[in-house]
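File shown: data-v8.txt (compact mmCIF, C-alpha atoms).
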# COMPACT_ATOMS: atom_id res chain seq x y z
CA MET H 1 166.78 110.43 73.14
CA ARG H 2 164.96 112.77 75.54
CA SER H 3 165.93 110.57 78.49
CA TYR H 4 169.52 110.53 77.29
CA LEU H 5 169.69 114.31 77.04
CA GLY H 6 167.92 114.61 80.37
CA ASP H 7 170.63 112.51 81.99
CA LEU H 8 173.26 114.84 80.56
CA GLY H 9 171.48 117.62 82.40
CA LEU H 10 173.42 116.30 85.39
CA LEU H 11 176.28 118.44 84.09
CA ARG H 12 174.28 121.51 85.13
CA ASP H 13 174.28 120.38 88.74
CA ARG H 14 176.87 122.50 90.57
CA ARG H 15 178.07 119.81 92.93
CA PHE H 16 178.43 117.17 90.24
CA ALA H 17 180.21 119.63 87.95
CA LEU H 18 182.70 120.35 90.76
CA LEU H 19 183.24 116.63 91.46
CA LEU H 20 183.67 115.91 87.75
CA SER H 21 186.13 118.79 87.32
CA ALA H 22 188.10 117.79 90.42
CA ARG H 23 188.32 114.15 89.37
CA THR H 24 189.30 115.03 85.80
CA ILE H 25 192.08 117.39 86.94
CA SER H 26 193.28 114.85 89.52
CA MET H 27 193.46 112.13 86.86
CA LEU H 28 195.34 114.51 84.58
CA GLY H 29 197.88 114.95 87.37
CA SER H 30 198.05 111.16 87.78
CA ALA H 31 198.67 110.75 84.05
CA PHE H 32 201.48 113.34 84.13
CA ALA H 33 203.21 111.69 87.06
CA PRO H 34 204.41 108.27 85.77
CA VAL H 35 206.35 109.67 82.80
CA ALA H 36 207.76 112.53 84.86
CA LEU H 37 208.75 110.28 87.76
CA ALA H 38 210.31 107.59 85.57
CA PHE H 39 212.48 109.90 83.50
CA GLY H 40 213.17 112.26 86.38
CA VAL H 41 214.63 109.41 88.44
CA LEU H 42 216.43 107.70 85.55
CA ASN H 43 218.15 110.98 84.61
CA LEU H 44 219.69 111.33 88.07
CA PRO H 45 223.48 110.84 88.27
CA GLY H 46 224.23 107.19 88.87
CA ALA H 47 220.58 106.13 88.70
CA THR H 48 219.76 102.70 87.32
CA ALA H 49 216.65 100.66 86.66
CA SER H 50 216.98 99.38 90.24
CA THR H 51 216.75 102.94 91.55
CA LEU H 52 213.48 103.46 89.71
CA SER H 53 212.20 100.06 90.89
CA VAL H 54 212.78 101.03 94.53
CA VAL H 55 210.89 104.32 94.10
CA LEU H 56 207.98 102.67 92.27
CA ALA H 57 207.79 99.87 94.83
CA ALA H 58 207.72 102.46 97.61
CA GLN H 59 204.73 103.99 95.84
CA SER H 60 202.80 100.80 95.07
CA VAL H 61 203.22 98.87 98.34
CA PRO H 62 201.44 101.47 100.54
CA LEU H 63 198.66 101.70 97.96
CA ILE H 64 197.81 98.04 98.57
CA ALA H 65 198.75 97.93 102.25
CA PHE H 66 196.55 100.88 103.26
CA MET H 67 193.60 100.28 100.91
CA LEU H 68 191.44 98.63 103.60
CA VAL H 69 192.32 101.32 106.13
CA GLY H 70 191.35 103.91 103.52
CA GLY H 71 187.94 102.27 103.27
CA VAL H 72 187.45 102.44 107.04
CA ILE H 73 188.43 106.12 107.12
CA ALA H 74 186.06 106.97 104.26
CA ASP H 75 183.15 105.20 106.02
CA ARG H 76 183.90 106.86 109.37
CA MET H 77 184.51 110.45 108.30
CA PRO H 78 182.85 112.87 105.85
CA ARG H 79 184.04 111.63 102.47
CA GLN H 80 184.45 115.16 101.14
CA ARG H 81 187.12 115.82 103.78
CA VAL H 82 188.74 112.44 103.20
CA MET H 83 189.02 113.06 99.45
CA MET H 84 190.34 116.57 100.01
CA ALA H 85 192.97 115.25 102.43
CA GLY H 86 193.97 112.55 99.95
CA GLU H 87 194.39 115.04 97.12
CA LEU H 88 196.47 117.32 99.37
CA LEU H 89 198.68 114.38 100.39
CA MET H 90 199.13 113.58 96.71
CA ALA H 91 200.09 117.19 96.03
CA ALA H 92 202.56 117.16 98.93
CA GLY H 93 204.19 113.91 97.79
CA TYR H 94 204.69 115.02 94.19
CA ALA H 95 205.76 118.50 95.26
CA GLY H 96 208.43 116.89 97.44
CA LEU H 97 209.64 114.75 94.55
CA ALA H 98 209.66 117.78 92.24
CA LEU H 99 211.63 119.89 94.72
CA MET H 100 214.25 117.19 95.23
CA LEU H 101 214.74 116.75 91.50
CA LEU H 102 214.92 120.51 90.89
CA ILE H 103 217.47 121.31 93.60
CA GLY H 104 219.52 118.16 93.00
CA TRP H 105 219.18 116.72 96.52
CA THR H 106 217.96 113.20 95.76
CA PRO H 107 218.87 110.58 98.40
CA LEU H 108 217.01 107.38 97.61
CA PRO H 109 215.31 107.09 101.04
CA ALA H 110 213.87 110.60 100.64
CA LEU H 111 212.62 109.85 97.12
CA ALA H 112 211.06 106.62 98.36
CA ALA H 113 209.39 108.37 101.30
CA ALA H 114 207.79 111.01 99.05
CA ALA H 115 206.65 108.30 96.63
CA ALA H 116 205.19 106.31 99.54
CA LEU H 117 203.15 109.36 100.56
CA THR H 118 201.47 109.38 97.13
CA GLY H 119 200.68 105.67 97.50
CA VAL H 120 199.01 106.25 100.87
CA ALA H 121 197.06 109.15 99.36
CA SER H 122 195.74 106.96 96.52
CA SER H 123 194.57 104.33 99.03
CA VAL H 124 192.50 107.03 100.75
CA VAL H 125 191.05 108.74 97.68
CA TYR H 126 189.61 105.76 95.80
CA PRO H 127 187.29 104.32 98.50
CA ALA H 128 186.12 107.82 99.36
CA LEU H 129 185.35 108.55 95.69
CA THR H 130 183.22 105.42 95.33
CA GLY H 131 181.23 106.41 98.40
CA ILE H 132 180.84 110.11 97.66
CA ILE H 133 179.27 109.67 94.22
CA PRO H 134 175.84 108.58 95.60
CA GLU H 135 175.98 111.57 97.97
CA VAL H 136 176.28 113.92 94.99
CA VAL H 137 174.38 112.14 92.21
CA PRO H 138 170.63 111.29 92.40
CA ALA H 139 169.96 107.53 92.55
CA ASP H 140 168.25 107.46 89.14
CA ARG H 141 171.30 109.08 87.48
CA LEU H 142 174.09 107.08 89.09
CA GLN H 143 175.03 105.27 85.88
CA THR H 144 175.21 108.53 83.97
CA GLY H 145 177.30 110.09 86.73
CA ASN H 146 179.75 107.18 86.74
CA ALA H 147 179.95 107.28 82.94
CA LEU H 148 180.68 111.01 82.84
CA LEU H 149 183.31 110.66 85.57
CA GLY H 150 184.83 107.86 83.47
CA LEU H 151 184.83 110.07 80.40
CA GLY H 152 186.74 112.78 82.25
CA ALA H 153 189.21 110.29 83.71
CA ASN H 154 189.84 108.50 80.41
CA SER H 155 190.27 111.74 78.49
CA SER H 156 192.78 112.87 81.13
CA ARG H 157 194.74 109.64 80.78
CA VAL H 158 195.09 110.17 77.03
CA ALA H 159 195.89 113.88 77.29
CA GLY H 160 198.18 113.43 80.29
CA ALA H 161 200.31 110.78 78.62
CA VAL H 162 200.96 113.16 75.71
CA LEU H 163 201.28 116.41 77.65
CA GLY H 164 203.31 114.80 80.42
CA GLY H 165 205.83 113.42 77.95
CA GLY H 166 206.08 116.77 76.21
CA THR H 167 206.62 118.62 79.49
CA VAL H 168 209.39 116.20 80.48
CA VAL H 169 211.12 116.69 77.12
CA LEU H 170 210.87 120.49 77.20
CA PHE H 171 211.37 121.27 80.89
CA GLY H 172 212.49 118.09 82.65
CA GLY H 173 210.96 115.63 85.09
CA GLY H 174 211.13 117.97 88.08
CA TRP H 175 208.96 120.66 86.51
CA ALA H 176 206.54 118.05 85.16
CA LEU H 177 206.11 116.67 88.69
CA ALA H 178 205.56 120.23 89.96
CA VAL H 179 202.75 120.65 87.43
CA SER H 180 201.28 117.35 88.59
CA ALA H 181 201.38 118.49 92.24
CA ALA H 182 199.63 121.74 91.32
CA MET H 183 196.82 119.78 89.63
CA PHE H 184 196.21 117.75 92.79
CA ALA H 185 196.09 120.95 94.83
CA VAL H 186 193.50 122.43 92.45
CA ALA H 187 191.44 119.23 92.69
CA ALA H 188 191.52 119.48 96.50
CA ALA H 189 190.28 123.08 96.35
CA MET H 190 187.36 122.07 94.13
CA ILE H 191 186.38 119.22 96.44
CA ALA H 192 186.46 121.63 99.38
CA ASN H 193 183.73 123.63 97.63
CA LEU H 194 181.28 120.72 97.26
CA ARG H 195 179.48 121.81 100.45
CA LEU H 196 177.74 118.54 101.18
CA LYS H 197 175.07 118.81 103.86
CA PRO H 198 175.99 117.01 107.11
CA GLY H 199 172.63 115.27 107.14
CA GLU H 200 173.13 113.60 103.77
CA ARG H 201 175.07 110.75 105.33
CA ALA H 202 174.42 108.87 108.53
CA HIS H 203 177.50 108.82 110.73
CA GLN H 204 178.43 105.65 112.56
CA GLU H 205 179.51 105.23 116.14
CA ALA H 206 183.26 104.87 116.44
CA HIS H 207 184.57 101.31 116.65
CA SER H 208 188.05 99.89 116.46
CA VAL H 209 189.60 99.67 113.02
CA LEU H 210 189.54 95.86 113.19
CA ALA H 211 185.86 95.87 114.10
CA ASP H 212 185.12 98.15 111.15
CA LEU H 213 187.15 95.91 108.85
CA ARG H 214 185.26 92.83 110.05
CA GLU H 215 181.94 94.56 109.47
CA GLY H 216 183.04 95.60 105.97
CA TRP H 217 184.15 92.04 105.26
CA ARG H 218 180.72 90.73 106.34
CA GLU H 219 179.05 93.14 103.92
CA PHE H 220 181.46 92.07 101.18
CA ARG H 221 181.09 88.31 101.58
CA SER H 222 177.32 88.42 102.22
CA ARG H 223 176.77 89.37 98.58
CA GLN H 224 177.79 86.44 96.43
CA TRP H 225 177.67 88.46 93.23
CA ILE H 226 180.38 90.79 94.60
CA TRP H 227 182.96 88.28 95.81
CA VAL H 228 182.49 85.92 92.87
CA VAL H 229 183.05 88.69 90.33
CA VAL H 230 186.01 90.07 92.32
CA ALA H 231 187.57 86.58 92.36
CA GLN H 232 187.05 86.30 88.60
CA PHE H 233 188.43 89.78 87.99
CA SER H 234 191.55 89.09 90.05
CA LEU H 235 192.48 86.36 87.56
CA LEU H 236 191.66 88.64 84.65
CA VAL H 237 193.89 91.38 86.09
CA MET H 238 196.70 88.84 86.52
CA ALA H 239 196.49 87.96 82.81
CA VAL H 240 196.21 91.59 81.71
CA GLN H 241 199.18 92.62 83.85
CA ALA H 242 201.28 89.89 82.25
CA GLY H 243 200.19 90.90 78.75
CA HIS H 244 200.43 94.66 79.19
CA GLY H 245 203.46 94.74 81.43
CA VAL H 246 205.79 92.21 79.82
CA LEU H 247 204.57 89.92 77.03
CA GLY H 248 202.92 92.56 74.84
CA PRO H 249 205.88 94.96 74.82
CA LEU H 250 208.22 92.00 74.27
CA MET H 251 206.28 90.82 71.23
CA ALA H 252 206.09 94.38 69.91
CA LYS H 253 209.87 94.63 70.17
CA GLU H 254 210.52 91.23 68.62
CA SER H 255 208.00 91.07 65.79
CA LEU H 256 206.00 94.29 65.36
CA GLY H 257 208.68 96.94 64.94
CA GLY H 258 209.21 98.21 68.47
CA PRO H 259 207.80 100.94 70.71
CA ALA H 260 205.74 102.63 68.00
CA ALA H 261 203.65 99.50 67.55
CA TRP H 262 203.03 99.16 71.28
CA SER H 263 202.12 102.84 71.50
CA ALA H 264 199.55 102.24 68.76
CA PHE H 265 198.14 99.36 70.82
CA LEU H 266 197.84 101.54 73.94
CA THR H 267 196.30 104.37 71.90
CA GLY H 268 193.68 101.99 70.51
CA GLU H 269 192.86 100.89 74.04
CA ALA H 270 192.63 104.48 75.29
CA VAL H 271 190.28 105.48 72.47
CA GLY H 272 188.22 102.38 73.30
CA THR H 273 187.78 103.51 76.90
CA ILE H 274 186.37 106.83 75.68
CA ALA H 275 184.01 105.05 73.29
CA GLY H 276 183.02 102.77 76.17
CA VAL H 277 181.78 105.76 78.12
CA LEU H 278 179.48 106.70 75.26
CA VAL H 279 178.12 103.14 75.20
CA SER H 280 177.58 103.09 78.96
CA LEU H 281 175.62 106.35 78.79
CA ARG H 282 172.98 104.57 76.71
CA LEU H 283 173.16 100.99 77.96
CA ARG H 284 170.57 100.12 80.61
CA PRO H 285 170.59 96.30 80.98
CA ARG H 286 168.06 94.59 83.22
CA ARG H 287 170.83 92.36 84.60
CA PRO H 288 173.87 94.65 84.75
CA ILE H 289 176.21 92.23 86.56
CA LEU H 290 175.52 89.47 84.01
CA VAL H 291 176.32 91.89 81.18
CA ALA H 292 179.43 93.10 83.02
CA VAL H 293 180.71 89.54 83.47
CA LEU H 294 180.10 88.71 79.79
CA LEU H 295 182.10 91.81 78.89
CA CYS H 296 185.14 90.17 80.52
CA LEU H 297 185.34 87.66 77.63
CA PRO H 298 186.21 89.97 74.67
CA PRO H 299 189.32 91.40 76.43
CA ALA H 300 191.03 88.08 75.66
CA LEU H 301 190.95 89.04 71.96
CA PRO H 302 194.07 91.27 71.90
CA TYR H 303 196.24 88.53 73.34
CA VAL H 304 194.84 85.98 70.89
CA VAL H 305 195.61 88.16 67.87
CA LEU H 306 199.06 88.95 69.28
CA GLY H 307 199.70 85.24 69.69
CA VAL H 308 198.70 84.27 66.16
CA GLY H 309 200.82 87.00 64.57
CA ALA H 310 197.96 89.13 63.22
CA PRO H 311 198.73 92.42 61.43
CA LEU H 312 199.07 95.59 63.49
CA TRP H 313 195.70 97.02 62.42
CA ALA H 314 193.93 93.95 63.83
CA ILE H 315 195.91 94.17 67.06
CA VAL H 316 195.04 97.85 67.51
CA GLY H 317 191.38 97.12 66.72
CA SER H 318 191.30 94.39 69.35
CA ALA H 319 192.85 96.80 71.87
CA PHE H 320 189.98 99.20 71.08
CA VAL H 321 187.52 96.40 71.92
CA LEU H 322 189.34 95.76 75.20
CA GLY H 323 189.04 99.44 76.14
CA VAL H 324 185.31 99.54 75.38
CA CYS H 325 184.58 96.39 77.38
CA PHE H 326 186.60 97.35 80.42
CA ASP H 327 185.04 100.78 80.60
CA VAL H 328 181.45 99.56 80.29
CA PHE H 329 182.23 96.87 82.88
CA GLY H 330 183.53 99.53 85.27
CA VAL H 331 180.48 101.76 84.94
CA LEU H 332 177.99 98.90 85.40
CA TRP H 333 179.96 97.50 88.33
CA GLN H 334 180.34 100.80 90.17
CA THR H 335 176.70 101.75 89.65
CA THR H 336 175.40 98.41 90.92
CA MET H 337 177.61 98.51 94.01
CA GLN H 338 176.51 102.05 94.80
CA ARG H 339 172.85 101.01 94.53
CA GLU H 340 173.04 97.71 96.42
CA VAL H 341 175.59 98.28 99.21
CA PRO H 342 174.51 100.37 102.24
CA PRO H 343 176.08 103.84 102.13
CA GLU H 344 177.67 103.45 105.55
CA SER H 345 179.65 100.40 104.32
CA LEU H 346 180.22 101.33 100.69
CA SER H 347 183.80 102.59 100.97
CA ARG H 348 184.94 99.52 102.91
CA VAL H 349 183.30 97.13 100.44
CA SER H 350 184.94 99.12 97.64
CA SER H 351 188.34 98.77 99.30
CA TYR H 352 187.91 94.98 99.54
CA ASP H 353 186.89 95.01 95.88
CA VAL H 354 190.04 96.88 94.83
CA LEU H 355 192.34 94.80 97.02
CA GLY H 356 190.88 91.53 95.76
CA SER H 357 190.95 92.61 92.13
CA LEU H 358 194.61 93.69 92.22
CA MET H 359 196.12 91.04 94.47
CA PHE H 360 197.27 88.67 91.70
CA GLY H 361 198.58 91.40 89.38
CA PRO H 362 202.20 91.06 90.59
CA VAL H 363 201.94 87.29 90.10
CA GLY H 364 201.11 87.86 86.44
CA LEU H 365 204.16 90.09 86.05
CA LEU H 366 206.41 87.50 87.70
CA LEU H 367 205.06 84.64 85.57
CA ALA H 368 205.48 86.71 82.42
CA GLY H 369 209.04 87.55 83.46
CA ARG H 370 209.81 83.85 83.96
CA ARG H 371 208.42 83.13 80.50
CA ARG H 372 210.62 85.86 79.06
CA ARG H 373 213.74 84.45 80.72
CA SER H 374 212.93 80.92 79.62
CA SER H 375 212.48 82.09 76.03
CA ALA H 376 215.64 84.19 75.95
CA PRO H 377 218.14 81.44 75.06
CA GLY H 378 216.16 80.50 71.96
CA SER H 379 215.68 82.23 68.67
CA ARG H 380 213.91 85.53 68.08
CA CYS H 381 210.82 83.64 67.00
CA SER H 382 210.70 81.58 70.18
CA ALA H 383 211.14 84.73 72.27
CA ALA H 384 208.20 86.39 70.56
CA ARG H 385 205.87 83.41 70.95
CA PRO H 386 203.40 83.77 73.84
CA SER H 387 203.27 81.23 76.63
CA SER H 388 200.70 78.50 76.29

Do you think you could lay out the structure here as structure tokens?
Amino acid sequence: MRSYLGDLGLLRDRRFALLLSARTISMLGSAFAPVALAFGVLNLPGATASTLSVVLAAQSVPLIAFMLVGGVIADRMPRQRVMMAGELLMAAGYAGLALMLLIGWTPLPALAAAAALTGVASSVVYPALTGIIPEVVPADRLQTGNALLGLGANSSRVAGAVLGGGTVVLFGGGWALAVSAAMFAVAAAMIANLRLKPGERAHQEAHSVLADLREGWREFRSRQWIWVVVAQFSLLVMAVQAGHGVLGPLMAKESLGGPAAWSAFLTGEAVGTIAGVLVSLRLRPRRPILVAVLLCLPPALPYVVLGVGAPLWAIVGSAFVLGVCFDVFGVLWQTTMQREVPPESLSRVSSYDVLGSLMFGPVGLLLAGRRRRSSAPGSRCSAARPSS
């Protein structure tokens, strides 16, 4: 118990407290944004689901397309400045969206351009965050630091989903997006005050972007445990995207009573992620990657119980298990990468990790959509049955 409380003493470290506060506020802004953006766009005169799809695609495509470049930038430049620039870009993008919605000037190309700016910003922030944590947190407290950052992020996701929806209902999507932009600006100001010493990170000689990408790829593929787990996780993400994005909501609509049931599922998962942080604060396995990989098995449980028609309480309980497992996996994975990958390559390896993990997600959505269309002509029961 003494060791556990000693780890929590990390909260008294000024730099870590600033990083934790900045990340928590930034994630709160991120949690506000989806609800505000969706309803803000859909409430525009003449807007349709296609309008929203274009804006969301404009946001997501740059996130993937620029992820590797974001890793190169974060390994070349001081990560504090990279993160601050990313947060400011995020603030600018959402402020632009908010302004357009508030004044009623909403041409689709302009909305898409502002959304694209937020996607580029996200591709810059994430690799820099992975790399900056070891610069702020002592090596023997990395797992605790990652767990506490996860606790702040997960709490923000839960609070942001509720507060964001309430703000949209009371004041409209434009003002909710303005609040989100302000949060990113505050996060940028906090990161600016980290005051990392220049000598804490060795700077590399400048090379071409392609040369840096090749070097990052060599670091990525030279560690079998990284690329094997990323390959495995890409398939897991494909299945989760299909279940969370299409099949789960469809089954909730057809056989569980509608949106309230699916909200209960997502709430159970969110609470599980918070509980997972508490587990990861105490868990110190000798073989963290083995434990992390084994934790990828229980997340199949929610989809099994959905498929067999289990009662809602069992479905929500299984979602809680999914949240716990995914969060503990994330903490163990991040900590091991930060300990084993050289600091000068960490952001690039992280960007390859993210790109590889997410690359099959859209495939899962497409396959689930095909399943939905193929089930549509049949009865309600056939529509609710999961694909085999």

| said: One number please: atom CA of H:Asp140 to atom CA of H:Arg12, in Å, one decimal. | reply: 15.8 Å

| field | From H:Met183, H:Ala74, H:Ala31, H:Ala17, residue lying nearest H:Ser345 [all atoms listed in the file] | value |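 Of the candidates, the smallest distance to H:Ser345 is held by H:Ala74.
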
| note | Nearest to H:Glu344, restricted to only C-alpha atoms and choosing among H:Val137, H:Ala22, H:Met67, H:Ile73, comes out as H:Ile73

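Atom to atom, atom CA of H:Phe32 and atom CA of H:Arg15 stand 25.8 Å apart.
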
| note | Students should find that atom CA of H:Leu19 and atom CA of H:Val331 are spaced 16.5 Å

| said: Using only C-alpha atoms and a cutoff of 9 Å, can you tell me which residues are near (189.1, 112.2, 90.6) in the file's coordinates, and write them out as a ChimeraX atom specification? | reply: /H:19-28,83,87,125-126,129,149,152-153,187

Using 8 Å as the limit and counting all atoms listed in the file, can you tabulate each residue of stretch 78-99 of chain H that touches stretch 165-176 of chain H, with its shortest atom-to-atom distance in Å and the two atoms involved, as JSON lines?
{"residue": "H:Leu97", "atom": "CA", "partner": "H:Gly174", "partner_atom": "CA", "distance": 7.4}
{"residue": "H:Ala98", "atom": "CA", "partner": "H:Gly174", "partner_atom": "CA", "distance": 4.4}
{"residue": "H:Leu99", "atom": "CA", "partner": "H:Gly174", "partner_atom": "CA", "distance": 6.9}

Can those selected residues be exported to a file as an mmCIF file, in the frame of the given file so that it contains C-alpha atoms?
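The new file out_2.cif reads:
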data_model
loop_
_atom_site.group_PDB
_atom_site.id
_atom_site.type_symbol
_atom_site.label_atom_id
_atom_site.label_comp_id
_atom_site.auth_asym_id
_atom_site.auth_seq_id
_atom_site.Cartn_x
_atom_site.Cartn_y
_atom_site.Cartn_z
ATOM 1 C CA LEU H 97 209.640 114.750 94.550
ATOM 2 C CA ALA H 98 209.660 117.780 92.240
ATOM 3 C CA LEU H 99 211.630 119.890 94.720
#

| Near H:Leu281, within 10 Å and counting all atoms listed in the file, which residues show up once chain neighbours fewer than 5 positions away are dropped, as a ChimeraX atom specification? | /H:4,7-8,143-148,276,328,331

| Selected residue, from H:Phe184, H:Trp262, H:Tyr352, H:Trp333, that lies nearest to H:Leu247 when counting all atoms listed in the file |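 Ranking H:Phe184, H:Trp262, H:Tyr352, H:Trp333 by distance to H:Leu247, first place goes to H:Trp262.
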
Compile the contact shell of H:Pro362 as a JSON list (two decimals) with C-alpha atoms, keeping the file's coordinate frame: residues with an atom at most 9 Å away, counting only C-alpha atoms, same-chain residues fewer than 5 positions apart removed.
[["chain", "number", "residue", "atom", "x", "y", "z"],
["H", 238, "MET", "CA", 196.70, 88.84, 86.52],
["H", 241, "GLN", "CA", 199.18, 92.62, 83.85],
["H", 242, "ALA", "CA", 201.28, 89.89, 82.25],
["H", 367, "LEU", "CA", 205.06, 84.64, 85.57]]

| task | Find, counting only C-alpha atoms, the residue in H:Leu278, H:Ser347, H:Trp227, H:Leu42 that gets nearest to H:Ile132. | result | H:Ser347

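Of the listed residues (H:Leu163, H:Val316, H:Leu250, H:Val61), H:Leu163 comes nearest to H:Val35; the distances count only C-alpha atoms.
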
| message | Can you tell me which residues surround H:Val41 at a distance of at most 8 Å, considering all atoms listed in the file, apart from same-chain residues fewer than 4 positions away, and format the answer as a list in words? | response | Leu37, Ala47, Thr51, Leu52, Leu101 and Gly173 of chain H

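Distances to H:Arg76 were evaluated for H:Asp13, H:Glu254, H:Asp212, H:Glu135 using only C-alpha atoms, and the minimum falls at H:Asp212.
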
| said: Taking 4 positions as the minimum chain separation for residues in the same chain, which residues sit within 10 Å of H:Val304 when counting only C-alpha atoms? Answer as a VMD selection string. | reply: chain H and resid 299 to 300 308 to 310 315 318 386

As a tab-separated table (two decimals), in the frame of the given file, please: stretch 159-179 of chain H completed to N, CA and C atoms.
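The resulting file, part_27.tsv, is shown below:
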chain	number	residue	atom	x	y	z
H	159	ALA	N	195.24	112.57	77.39
H	159	ALA	CA	195.89	113.88	77.29
H	159	ALA	C	197.13	113.95	78.17
H	160	GLY	N	197.05	113.36	79.37
H	160	GLY	CA	198.18	113.43	80.29
H	160	GLY	C	199.39	112.68	79.80
H	161	ALA	N	199.17	111.54	79.14
H	161	ALA	CA	200.31	110.78	78.62
H	161	ALA	C	201.07	111.60	77.57
H	162	VAL	N	200.32	112.34	76.75
H	162	VAL	CA	200.96	113.16	75.71
H	162	VAL	C	201.58	114.41	76.30
H	163	LEU	N	200.79	115.16	77.09
H	163	LEU	CA	201.28	116.41	77.65
H	163	LEU	C	202.39	116.19	78.68
H	164	GLY	N	202.27	115.10	79.45
H	164	GLY	CA	203.31	114.80	80.42
H	164	GLY	C	204.64	114.51	79.75
H	165	GLY	N	204.60	113.71	78.68
H	165	GLY	CA	205.83	113.42	77.95
H	165	GLY	C	206.44	114.67	77.35
H	166	GLY	N	205.58	115.53	76.80
H	166	GLY	CA	206.08	116.77	76.21
H	166	GLY	C	206.70	117.69	77.24
H	167	THR	N	206.09	117.78	78.43
H	167	THR	CA	206.62	118.62	79.49
H	167	THR	C	207.98	118.11	79.97
H	168	VAL	N	208.10	116.79	80.07
H	168	VAL	CA	209.39	116.20	80.48
H	168	VAL	C	210.47	116.54	79.47
H	169	VAL	N	210.13	116.42	78.17
H	169	VAL	CA	211.12	116.69	77.12
H	169	VAL	C	211.54	118.16	77.14
H	170	LEU	N	210.58	119.07	77.29
H	170	LEU	CA	210.87	120.49	77.20
H	170	LEU	C	211.48	121.07	78.48
H	171	PHE	N	210.98	120.61	79.64
H	171	PHE	CA	211.37	121.27	80.89
H	171	PHE	C	212.02	120.34	81.91
H	172	GLY	N	211.89	119.03	81.72
H	172	GLY	CA	212.49	118.09	82.65
H	172	GLY	C	211.47	117.48	83.60
H	173	GLY	N	211.86	116.36	84.22
H	173	GLY	CA	210.96	115.63	85.09
H	173	GLY	C	210.55	116.41	86.33
H	174	GLY	N	211.45	117.21	86.88
H	174	GLY	CA	211.13	117.97	88.08
H	174	GLY	C	209.98	118.94	87.87
H	175	TRP	N	210.04	119.71	86.78
H	175	TRP	CA	208.96	120.66	86.51
H	175	TRP	C	207.66	119.94	86.16
H	176	ALA	N	207.75	118.81	85.47
H	176	ALA	CA	206.54	118.05	85.16
H	176	ALA	C	205.87	117.55	86.44
H	177	LEU	N	206.68	117.10	87.41
H	177	LEU	CA	206.11	116.67	88.69
H	177	LEU	C	205.52	117.85	89.45
H	178	ALA	N	206.12	119.04	89.32
H	178	ALA	CA	205.56	120.23	89.96
H	178	ALA	C	204.19	120.57	89.38
H	179	VAL	N	204.05	120.42	88.07
H	179	VAL	CA	202.75	120.65	87.43
H	179	VAL	C	201.73	119.64	87.95
